[in-house]
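Enquirer: Sharing target-v4.txt here; it has compact mmCIF, C-alpha atoms.
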# COMPACT_ATOMS: atom_id res chain seq x y z
CA MET A 1 -34.86 -48.60 -5.85
CA HIS A 2 -36.53 -48.69 -9.27
CA GLU A 3 -37.39 -52.36 -9.70
CA LEU A 4 -41.01 -51.52 -10.58
CA GLY A 5 -40.00 -49.25 -13.44
CA VAL A 6 -37.53 -51.72 -14.90
CA VAL A 7 -39.95 -54.64 -14.99
CA PHE A 8 -42.13 -52.52 -17.29
CA LYS A 9 -39.10 -51.90 -19.49
CA ILE A 10 -38.40 -55.63 -19.68
CA ARG A 11 -42.09 -56.34 -20.38
CA ASP A 12 -42.14 -53.84 -23.26
CA ARG A 13 -38.93 -55.23 -24.76
CA LEU A 14 -40.26 -58.81 -24.59
CA LYS A 15 -43.58 -57.80 -26.17
CA MET A 16 -41.64 -56.25 -29.05
CA LEU A 17 -39.49 -59.36 -29.37
CA ALA A 18 -42.64 -61.54 -29.40
CA SER A 19 -44.27 -59.60 -32.20
CA GLU A 20 -41.03 -59.59 -34.24
CA ASN A 21 -40.51 -63.32 -33.83
CA GLY A 22 -44.13 -64.45 -33.76
CA PHE A 23 -44.40 -66.22 -30.40
CA SER A 24 -47.16 -65.80 -27.85
CA ARG A 25 -45.69 -67.44 -24.75
CA ILE A 26 -42.43 -67.13 -22.84
CA ASN A 27 -41.20 -69.84 -20.49
CA SER A 28 -38.43 -67.88 -18.86
CA VAL A 29 -36.32 -64.76 -19.14
CA THR A 30 -32.72 -64.72 -17.93
CA VAL A 31 -31.34 -61.48 -16.58
CA ALA A 32 -27.67 -60.76 -15.79
CA LEU A 33 -27.54 -58.56 -12.73
CA GLY A 34 -24.37 -56.89 -11.50
CA GLU A 35 -23.68 -56.83 -7.78
CA VAL A 36 -23.47 -53.01 -7.76
CA SER A 37 -26.17 -52.33 -10.35
CA THR A 38 -28.43 -50.88 -7.60
CA VAL A 39 -31.16 -53.38 -8.50
CA ILE A 40 -32.05 -55.76 -5.68
CA PRO A 41 -32.70 -59.30 -7.01
CA GLU A 42 -35.52 -60.20 -4.57
CA TYR A 43 -37.39 -56.94 -5.22
CA LEU A 44 -36.95 -57.42 -8.94
CA THR A 45 -38.45 -60.92 -8.96
CA ASP A 46 -41.27 -59.77 -6.62
CA CYS A 47 -42.19 -56.94 -9.00
CA TRP A 48 -41.85 -59.30 -11.96
CA ASP A 49 -44.14 -61.93 -10.43
CA TRP A 50 -46.75 -59.26 -9.69
CA MET A 51 -46.57 -57.82 -13.20
CA ARG A 52 -46.42 -61.02 -15.27
CA LYS A 53 -49.87 -62.16 -14.12
CA LYS A 54 -51.33 -59.24 -16.01
CA GLU A 55 -49.73 -60.21 -19.33
CA PRO A 56 -50.77 -63.39 -21.19
CA LEU A 57 -47.38 -63.43 -22.95
CA LEU A 58 -45.52 -63.49 -19.63
CA ALA A 59 -47.94 -65.35 -17.36
CA GLU A 60 -45.66 -68.42 -17.20
CA ALA A 61 -42.38 -66.60 -17.67
CA GLU A 62 -40.13 -67.16 -14.70
CA MET A 63 -37.37 -64.63 -14.20
CA LEU A 64 -33.95 -66.26 -13.74
CA ILE A 65 -31.21 -64.06 -12.35
CA GLU A 66 -27.53 -64.60 -13.11
CA PRO A 67 -25.51 -62.59 -10.58
CA VAL A 68 -22.39 -60.80 -11.86
CA PRO A 69 -19.82 -60.15 -9.09
CA ALA A 70 -18.42 -56.62 -8.89
CA ILE A 71 -14.66 -56.43 -9.61
CA THR A 72 -12.46 -53.34 -9.48
CA PHE A 73 -9.13 -52.92 -11.28
CA CYS A 74 -6.22 -50.92 -9.85
CA GLU A 75 -4.29 -48.87 -12.42
CA ASP A 76 -1.24 -48.57 -10.17
CA CYS A 77 -0.55 -52.20 -9.26
CA GLY A 78 -2.54 -53.84 -12.05
CA LYS A 79 -4.40 -56.17 -9.69
CA THR A 80 -8.12 -56.67 -9.28
CA TYR A 81 -10.18 -56.97 -6.10
CA PRO A 82 -13.82 -57.43 -4.99
CA THR A 83 -15.54 -54.03 -5.12
CA VAL A 84 -18.15 -54.53 -2.42
CA LYS A 85 -15.57 -55.42 0.24
CA TYR A 86 -12.95 -52.74 -0.50
CA ALA A 87 -14.79 -49.99 -2.49
CA ARG A 88 -12.54 -47.49 -4.30
CA ILE A 89 -9.24 -47.98 -2.48
CA CYS A 90 -7.03 -50.84 -3.65
CA PRO A 91 -6.41 -53.34 -0.80
CA HIS A 92 -3.12 -54.43 -2.47
CA CYS A 93 -1.33 -51.06 -2.76
CA GLY A 94 -3.62 -48.38 -1.27
CA SER A 95 -4.08 -46.53 -4.56
CA GLU A 96 -7.27 -44.62 -5.37
CA ARG A 97 -6.71 -44.88 -9.12
CA THR A 98 -9.16 -47.71 -9.56
CA PHE A 99 -12.13 -48.41 -11.78
CA LEU A 100 -14.97 -50.88 -11.96
CA VAL A 101 -14.43 -53.64 -14.55
CA GLN A 102 -17.70 -55.47 -14.02
CA GLY A 103 -20.66 -55.49 -11.70
CA ASN A 104 -22.79 -52.68 -13.13
CA GLU A 105 -24.61 -54.94 -15.61
CA PHE A 106 -28.31 -55.15 -16.01
CA LEU A 107 -28.93 -57.15 -19.17
CA ILE A 108 -31.71 -59.24 -20.62
CA LYS A 109 -29.54 -62.21 -21.56
CA GLU A 110 -31.92 -64.67 -23.10
CA VAL A 111 -35.52 -65.65 -23.47
CA GLU A 112 -36.80 -69.19 -23.60
CA VAL A 113 -39.95 -69.77 -25.64
CA PRO A 114 -41.90 -72.97 -26.47
CA GLU A 115 -41.22 -74.53 -29.90
CA PRO A 116 -44.02 -73.69 -32.36
CA GLU A 117 -45.38 -77.32 -32.12
CA ASP A 118 -45.45 -77.10 -28.30
CA ALA A 119 -47.44 -73.91 -28.63
CA ARG A 120 -50.02 -75.54 -30.87
CA SER A 121 -50.60 -78.52 -28.59
CA MET B 1 -38.03 -75.12 -26.31
CA LYS B 2 -36.16 -72.45 -28.12
CA VAL B 3 -33.72 -69.93 -26.68
CA ILE B 4 -33.43 -66.42 -28.06
CA GLU B 5 -30.23 -64.68 -27.05
CA LEU B 6 -30.66 -60.98 -26.50
CA ASN B 7 -27.75 -59.72 -24.36
CA GLU B 8 -29.22 -56.27 -24.34
CA SER B 9 -29.14 -53.70 -21.57
CA VAL B 10 -32.51 -53.21 -19.90
CA THR B 11 -32.11 -49.48 -20.45
CA ALA B 12 -31.30 -49.89 -24.18
CA SER B 13 -34.79 -48.89 -25.34
CA ASN B 14 -34.70 -45.88 -23.03
CA ASP B 15 -31.34 -44.83 -24.46
CA ARG B 16 -32.82 -44.96 -27.98
CA ASP B 17 -35.86 -42.90 -26.93
CA ALA B 18 -33.53 -40.38 -25.28
CA ASP B 19 -31.43 -39.96 -28.44
CA VAL B 20 -34.56 -39.39 -30.55
CA LEU B 21 -35.87 -36.77 -28.11
CA ARG B 22 -32.49 -34.99 -27.96
CA LYS B 23 -32.40 -34.78 -31.75
CA GLU B 24 -35.94 -33.38 -31.95
CA MET B 25 -35.15 -30.75 -29.34
CA ARG B 26 -31.95 -29.79 -31.08
CA GLN B 27 -33.81 -29.21 -34.33
CA GLU B 28 -36.32 -27.06 -32.46
CA GLY B 29 -33.46 -25.15 -30.78
CA THR B 30 -34.71 -25.97 -27.28
CA LEU B 31 -32.22 -27.01 -24.62
CA LEU B 32 -33.53 -29.44 -22.00
CA VAL B 33 -31.68 -29.29 -18.69
CA ASN B 34 -32.25 -32.19 -16.31
CA LEU B 35 -32.03 -31.03 -12.68
CA MET B 36 -31.38 -33.76 -10.14
CA SER B 37 -30.89 -33.73 -6.38
CA SER B 38 -32.24 -35.09 -3.13
CA PRO B 39 -35.56 -33.71 -1.81
CA GLY B 40 -35.29 -30.28 -0.23
CA SER B 41 -31.95 -29.29 -1.76
CA GLY B 42 -33.45 -26.15 -3.27
CA LYS B 43 -34.28 -27.02 -6.89
CA THR B 44 -37.45 -24.93 -6.98
CA SER B 45 -35.77 -21.96 -5.24
CA LEU B 46 -32.84 -22.08 -7.66
CA LEU B 47 -35.26 -22.19 -10.59
CA SER B 48 -37.36 -19.33 -9.25
CA GLY B 49 -34.24 -17.16 -8.94
CA THR B 50 -32.94 -18.19 -12.35
CA ILE B 51 -36.27 -17.52 -14.07
CA LEU B 52 -36.58 -14.08 -12.48
CA ASP B 53 -33.02 -13.17 -13.53
CA LEU B 54 -33.20 -14.46 -17.12
CA LYS B 55 -36.82 -13.64 -17.88
CA GLY B 56 -36.06 -10.87 -20.39
CA GLU B 57 -33.33 -12.83 -22.21
CA LEU B 58 -34.64 -16.37 -22.63
CA GLU B 59 -38.00 -18.05 -23.10
CA MET B 60 -38.13 -20.68 -20.36
CA ALA B 61 -40.42 -23.47 -19.25
CA VAL B 62 -40.33 -25.93 -16.38
CA MET B 63 -41.40 -29.53 -16.22
CA GLU B 64 -42.04 -30.62 -12.67
CA ALA B 65 -41.72 -34.34 -12.08
CA ASP B 66 -43.11 -35.54 -8.80
CA ILE B 67 -44.67 -38.66 -7.46
CA ALA B 68 -47.70 -36.55 -6.50
CA SER B 69 -48.94 -32.93 -5.97
CA ASP B 70 -48.52 -29.77 -8.01
CA VAL B 71 -47.09 -27.33 -5.44
CA ASP B 72 -43.91 -26.76 -7.46
CA ALA B 73 -45.74 -26.15 -10.75
CA VAL B 74 -47.96 -23.53 -9.09
CA ARG B 75 -44.91 -21.79 -7.62
CA ILE B 76 -43.26 -21.61 -11.07
CA GLU B 77 -46.42 -20.45 -12.90
CA ASN B 78 -46.68 -17.56 -10.47
CA LEU B 79 -43.36 -16.33 -11.89
CA GLY B 80 -44.85 -16.24 -15.37
CA ALA B 81 -43.00 -19.23 -16.90
CA ARG B 82 -44.80 -22.02 -18.67
CA SER B 83 -44.91 -25.18 -16.61
CA ILE B 84 -46.25 -28.68 -16.68
CA GLN B 85 -46.67 -31.10 -13.83
CA ALA B 86 -45.65 -34.63 -14.74
CA HIS B 87 -46.61 -37.32 -12.26
CA THR B 88 -44.46 -40.39 -12.23
CA ASP B 89 -47.20 -42.45 -10.55
CA GLY B 90 -44.95 -43.72 -7.81
CA MET B 91 -41.84 -44.21 -9.93
CA CYS B 92 -38.60 -42.93 -8.49
CA HIS B 93 -37.24 -41.29 -11.65
CA MET B 94 -38.19 -39.83 -15.04
CA ASP B 95 -37.24 -41.76 -18.17
CA ALA B 96 -37.06 -40.53 -21.75
CA GLY B 97 -40.55 -41.79 -22.63
CA MET B 98 -42.23 -39.92 -19.76
CA THR B 99 -40.18 -36.80 -20.48
CA GLY B 100 -41.06 -36.87 -24.19
CA ARG B 101 -44.78 -37.28 -23.50
CA ALA B 102 -44.85 -34.44 -20.97
CA LEU B 103 -42.90 -32.18 -23.36
CA SER B 104 -45.30 -32.79 -26.24
CA ALA B 105 -48.27 -32.18 -23.93
CA MET B 106 -46.77 -28.85 -22.87
CA GLY B 107 -45.44 -27.87 -26.30
CA TYR B 108 -42.00 -26.25 -26.52
CA SER B 109 -42.04 -24.40 -29.81
CA GLY B 110 -40.32 -21.04 -29.34
CA ILE B 111 -38.94 -22.03 -25.92
CA ASP B 112 -35.14 -21.67 -25.51
CA LEU B 113 -34.69 -23.55 -22.28
CA VAL B 114 -36.75 -26.22 -20.52
CA PHE B 115 -35.82 -27.31 -17.02
CA LEU B 116 -36.81 -30.81 -16.01
CA GLU B 117 -37.11 -30.83 -12.24
CA ASN B 118 -36.57 -34.54 -11.71
CA VAL B 119 -37.89 -36.55 -8.74
CA GLY B 120 -35.98 -35.68 -5.56
CA ASN B 121 -33.65 -38.69 -5.29
CA LEU B 122 -29.86 -38.99 -5.54
CA ILE B 123 -29.85 -42.53 -6.88
CA CYS B 124 -32.35 -43.58 -9.55
CA PRO B 125 -32.55 -40.48 -11.78
CA ALA B 126 -28.82 -40.87 -12.52
CA GLU B 127 -29.45 -44.26 -14.13
CA PHE B 128 -31.94 -43.14 -16.76
CA ASP B 129 -31.15 -40.87 -19.69
CA THR B 130 -34.07 -38.44 -19.99
CA GLY B 131 -33.02 -37.06 -23.38
CA ALA B 132 -31.71 -33.86 -21.78
CA GLY B 133 -28.93 -31.85 -23.41
CA ALA B 134 -27.29 -31.20 -20.03
CA ASN B 135 -27.42 -32.89 -16.63
CA VAL B 136 -27.17 -30.63 -13.63
CA MET B 137 -27.20 -31.77 -10.01
CA LEU B 138 -27.65 -29.85 -6.80
CA LEU B 139 -26.09 -30.58 -3.44
CA SER B 140 -27.12 -28.32 -0.59
CA VAL B 141 -24.72 -27.37 2.20
CA PRO B 142 -26.88 -28.98 4.97
CA GLU B 143 -26.68 -32.36 3.19
CA GLY B 144 -22.95 -32.55 3.86
CA ASP B 145 -19.69 -32.69 1.89
CA ASP B 146 -19.52 -36.50 2.05
CA LYS B 147 -22.32 -37.07 -0.46
CA PRO B 148 -19.97 -37.64 -3.45
CA LEU B 149 -18.60 -40.65 -1.53
CA LYS B 150 -22.06 -42.06 -0.88
CA TYR B 151 -23.78 -41.40 -4.22
CA PRO B 152 -20.93 -41.54 -6.74
CA LEU B 153 -23.03 -42.28 -9.85
CA MET B 154 -25.00 -39.04 -9.70
CA PHE B 155 -21.78 -37.02 -9.43
CA THR B 156 -20.23 -39.00 -12.27
CA LYS B 157 -23.16 -38.48 -14.66
CA SER B 158 -23.63 -34.73 -14.11
CA ASP B 159 -22.14 -31.98 -16.29
CA VAL B 160 -22.61 -29.40 -13.56
CA LEU B 161 -22.77 -29.47 -9.76
CA ILE B 162 -24.48 -26.56 -8.03
CA ILE B 163 -23.72 -26.34 -4.33
CA THR B 164 -26.79 -24.56 -2.95
CA LYS B 165 -27.62 -22.74 0.31
CA MET B 166 -24.09 -21.29 0.50
CA ASP B 167 -25.46 -18.59 2.83
CA THR B 168 -25.79 -21.29 5.54
CA ILE B 169 -22.20 -22.57 5.31
CA SER B 170 -21.10 -21.00 8.61
CA TYR B 171 -23.70 -23.10 10.46
CA PHE B 172 -22.59 -26.46 9.07
CA ASP B 173 -19.37 -28.49 8.99
CA PHE B 174 -19.29 -28.34 5.22
CA ASP B 175 -15.76 -28.35 3.76
CA LEU B 176 -16.15 -26.80 0.31
CA THR B 177 -12.61 -27.62 -0.83
CA ALA B 178 -12.85 -31.25 0.31
CA CYS B 179 -16.22 -31.59 -1.40
CA GLN B 180 -14.87 -30.17 -4.68
CA GLU B 181 -11.88 -32.52 -4.55
CA ARG B 182 -14.11 -35.55 -3.95
CA VAL B 183 -16.32 -34.59 -6.87
CA ARG B 184 -13.42 -33.95 -9.26
CA ARG B 185 -11.91 -37.30 -8.40
CA LEU B 186 -15.12 -38.90 -9.71
CA ASN B 187 -15.66 -36.51 -12.59
CA PRO B 188 -12.68 -34.33 -13.59
CA GLY B 189 -14.64 -32.37 -16.25
CA ILE B 190 -17.55 -31.27 -14.03
CA ARG B 191 -18.33 -27.54 -13.56
CA ILE B 192 -19.01 -26.55 -9.96
CA PHE B 193 -20.99 -23.44 -8.99
CA PRO B 194 -21.42 -22.62 -5.28
CA VAL B 195 -24.59 -20.48 -5.05
CA SER B 196 -27.21 -19.07 -2.73
CA ALA B 197 -30.58 -18.40 -4.34
CA ARG B 198 -31.49 -16.35 -1.26
CA THR B 199 -28.57 -13.87 -1.37
CA GLY B 200 -27.89 -14.16 -5.11
CA GLU B 201 -24.28 -15.29 -4.50
CA GLY B 202 -22.89 -17.24 -7.48
CA MET B 203 -26.10 -16.96 -9.48
CA GLU B 204 -24.48 -14.86 -12.21
CA GLU B 205 -21.87 -17.56 -12.96
CA TRP B 206 -24.50 -20.29 -13.16
CA GLU B 207 -26.78 -18.18 -15.35
CA GLY B 208 -23.83 -17.26 -17.59
CA TRP B 209 -23.11 -20.95 -18.06
CA LEU B 210 -26.77 -21.56 -18.96
CA LYS B 211 -26.81 -18.77 -21.55
CA THR B 212 -23.65 -20.15 -23.20
CA GLN B 213 -25.16 -23.64 -23.35
CA VAL B 214 -28.37 -22.34 -24.94
CA SER B 215 -26.50 -20.45 -27.65
CA ARG B 216 -24.24 -23.45 -28.34
CA TRP B 217 -27.25 -25.73 -28.54
CA LYS B 218 -28.90 -23.46 -31.13
CA GLN B 219 -25.67 -23.01 -33.08
CA PHE B 220 -25.48 -26.72 -33.83
CA ARG B 221 -29.22 -27.23 -34.30
CA ASN B 222 -28.92 -28.64 -37.80
CA ILE B 223 -26.35 -31.32 -37.16
What does this structure look like when you write it as structure tokens?

Expert:
Amino acid sequence: MHELGVVFKIRDRLKMLASENGFSRINSVTVALGEVSTVIPEYLTDCWDWMRKKEPLLAEAEMLIEPVPAITFCEDCGKTYPTVKYARICPHCGSERTFLVQGNEFLIKEVEVPEPEDARS
Amino acid sequence: MKVIELNESVTASNDRDADVLRKEMRQEGTLLVNLMSSPGSGKTSLLSGTILDLKGELEMAVMEADIASDVDAVRIENLGARSIQAHTDGMCHMDAGMTGRALSAMGYSGIDLVFLENVGNLICPAEFDTGAGANVMLLSVPEGDDKPLKYPLMFTKSDVLIITKMDTISYFDFDLTACQERVRRLNPGIRIFPVSARTGEGMEEWEGWLKTQVSRWKQFRNI
């Protein structure tokens, strides 16, 4: 729903990182995206590809997405299960006392930049 | 090639901005209340009623966040409260940066309570900390009692749920008890106020809660 807004957030963070570390180009940015993070990968990369053309720092920066599957834990039986398939109710014991262990992530994991000598050439 | 590991949440910079804004507002003694709901749930009607009722007791202002138009800001100004129209330029939510800029443009010195009327949307606003001191959501009776099941994050993030348009409950299959149970399962600490801005039902309880929050906010202004 808010892919456009978040690409601006990522852009601003990378610009800050570039000025702190003194690089002027980024080859790629890797993002970890949880299955239930409400961000849709295709929309995110579409917005990214539209935005990066406007920024010299990001013009060549491809966005790589690492999906994180959503997993829920059941407090009653201690087992885990895939969240998207079964939602809040544990398929093993029927309990509703469950919580999400992972799948909500939306992280900038890493940024790949050219070595200083590559940048000079 | 060189790899820089960041492992940082995309919303991390927003969370920092939000904490800075909250601190500034606490020092000023101004409580910011973030109002979230779907479009048409009655945010502006609730605010109009609240402003009329509390006019003599609190200095209030309203920040209207919309994708476009200023109909809500005009409606609020007619009640005599200060208001500012923030346009999100197509974005589906307000973040702390936008909120901070609109607040400085409006100025909040001497104001006790600022309402941020967030973009009508039950999904995105819940994901972004605006810097508010309290998060309040509205669910109107016609929307249905199943909404906590469909939009759990909003119900989880809110300090207060106001169930609006209670005067229409006899026309809809809205099970108030079932709705409250669903909400408490997601968020056991949430306060729930069933109200009708039209008849005034429940408004006193909601306004009492607001007054307590404002005085608490001012009490701890220097910490």

Enquirer: Given the point (-42.6, -50.5, -24.2) in the coordinates of this file, which residues lie within 12 Å, counting all atoms listed in the file, and how would they look as a list of chain:residue names?

Expert: A:Gly5, A:Val6, A:Val7, A:Phe8, A:Lys9, A:Ile10, A:Arg11, A:Asp12, A:Arg13, A:Leu14, A:Lys15, A:Met16, A:Leu17, B:Val10, B:Thr11, B:Ala12, B:Ser13, B:Asn14, B:Arg16, B:Asp17, B:Asp95, B:Ala96, B:Gly97, B:Met98

Enquirer: Distance limit 7 Å, atoms considered: all atoms listed in the file. Which chain A residues sit that close to chain B? Return them as a tab-separated table (two decimals) with C-alpha atoms, in the coordinates of the input.

Expert:
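Final output, out_7.tsv:
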chain	number	residue	atom	x	y	z
A	1	MET	CA	-34.86	-48.60	-5.85
A	2	HIS	CA	-36.53	-48.69	-9.27
A	5	GLY	CA	-40.00	-49.25	-13.44
A	9	LYS	CA	-39.10	-51.90	-19.49
A	10	ILE	CA	-38.40	-55.63	-19.68
A	106	PHE	CA	-28.31	-55.15	-16.01
A	107	LEU	CA	-28.93	-57.15	-19.17
A	108	ILE	CA	-31.71	-59.24	-20.62
A	109	LYS	CA	-29.54	-62.21	-21.56
A	110	GLU	CA	-31.92	-64.67	-23.10
A	111	VAL	CA	-35.52	-65.65	-23.47
A	112	GLU	CA	-36.80	-69.19	-23.60
A	113	VAL	CA	-39.95	-69.77	-25.64
A	114	PRO	CA	-41.90	-72.97	-26.47
A	115	GLU	CA	-41.22	-74.53	-29.90

Enquirer: For Leu161 in chain B, which residue out of B:Arg221, B:Arg191, B:Arg216, B:Lys23 is the nearest one, using all atoms listed in the file?

Expert: B:Arg191

Enquirer: For Gln102 in chain A, which of A:Ala70, A:Ile26, A:Leu64, A:Val31 is the closest residue, counting only C-alpha atoms?

Expert: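 Selected residue with least distance to Gln102 in chain A: A:Ala70.
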
Enquirer: Any idea what's packed within 9 Å of Leu4 in chain A, counting all atoms listed in the file, ignoring anything in its chain fewer than 4 positions away? Could you give it as a ChimeraX atom specification?

Expert: /A:8,43-44,47-48,51 /B:91

Enquirer: Can you write just those residues out, C-alpha atoms, as a short mmCIF file (atom, residue, chain, number, x, y, z; two decimals), in the coordinates of the input?

Expert:
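Generated output (selection.cif):
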data_model
loop_
_atom_site.label_atom_id
_atom_site.label_comp_id
_atom_site.auth_asym_id
_atom_site.auth_seq_id
_atom_site.Cartn_x
_atom_site.Cartn_y
_atom_site.Cartn_z
CA PHE A 8 -42.13 -52.52 -17.29
CA TYR A 43 -37.39 -56.94 -5.22
CA LEU A 44 -36.95 -57.42 -8.94
CA CYS A 47 -42.19 -56.94 -9.00
CA TRP A 48 -41.85 -59.30 -11.96
CA MET A 51 -46.57 -57.82 -13.20
CA MET B 91 -41.84 -44.21 -9.93
#

Enquirer: How many Å separate CA of Leu52 in chain B from CA of Val71 in chain B?

Expert: 18.3 Å

Enquirer: Counting all atoms listed in the file, figure out which residue out of A:Glu105, A:Thr38, A:Arg52, A:Cys74 gets nearest to Tyr151 in chain B.

Expert: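 Of A:Glu105, A:Thr38, A:Arg52, A:Cys74, the one nearest Tyr151 in chain B, counting all atoms listed in the file, is A:Thr38.
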
Enquirer: What's around Val36 in chain A at 8 Å? Count only C-alpha atoms, leave out sequence neighbours fewer than 6 positions away in its own chain, and write the answer as a PDB file with C-alpha atoms, in the frame of the given file.

Expert:
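Printed below is around-v7.pdb as written:
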ATOM      1  CA  ALA A  70     -18.420 -56.620  -8.890  1.00  0.00           C
ATOM      2  CA  VAL A  84     -18.150 -54.530  -2.420  1.00  0.00           C
ATOM      3  CA  GLY A 103     -20.660 -55.490 -11.700  1.00  0.00           C
ATOM      4  CA  ASN A 104     -22.790 -52.680 -13.130  1.00  0.00           C
TER       5      ASN A 104
END

Enquirer: Take the point (-20.6, -32.3, 5.4) in the file's coordinates, draw a sphere of radius 9 Å around it, and report as a PyMOL selection string every protein, DNA or RNA residue with an atom inside or on it, counting all atoms listed in the file.

Expert: chain B and resi 141-147+172-176+179

Enquirer: How many Å separate CA of Asn78 in chain B from CA of Met203 in chain B?

Expert: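 If I compute the distance from CA of Asn78 in chain B to CA of Met203 in chain B, I get 20.6 Å.
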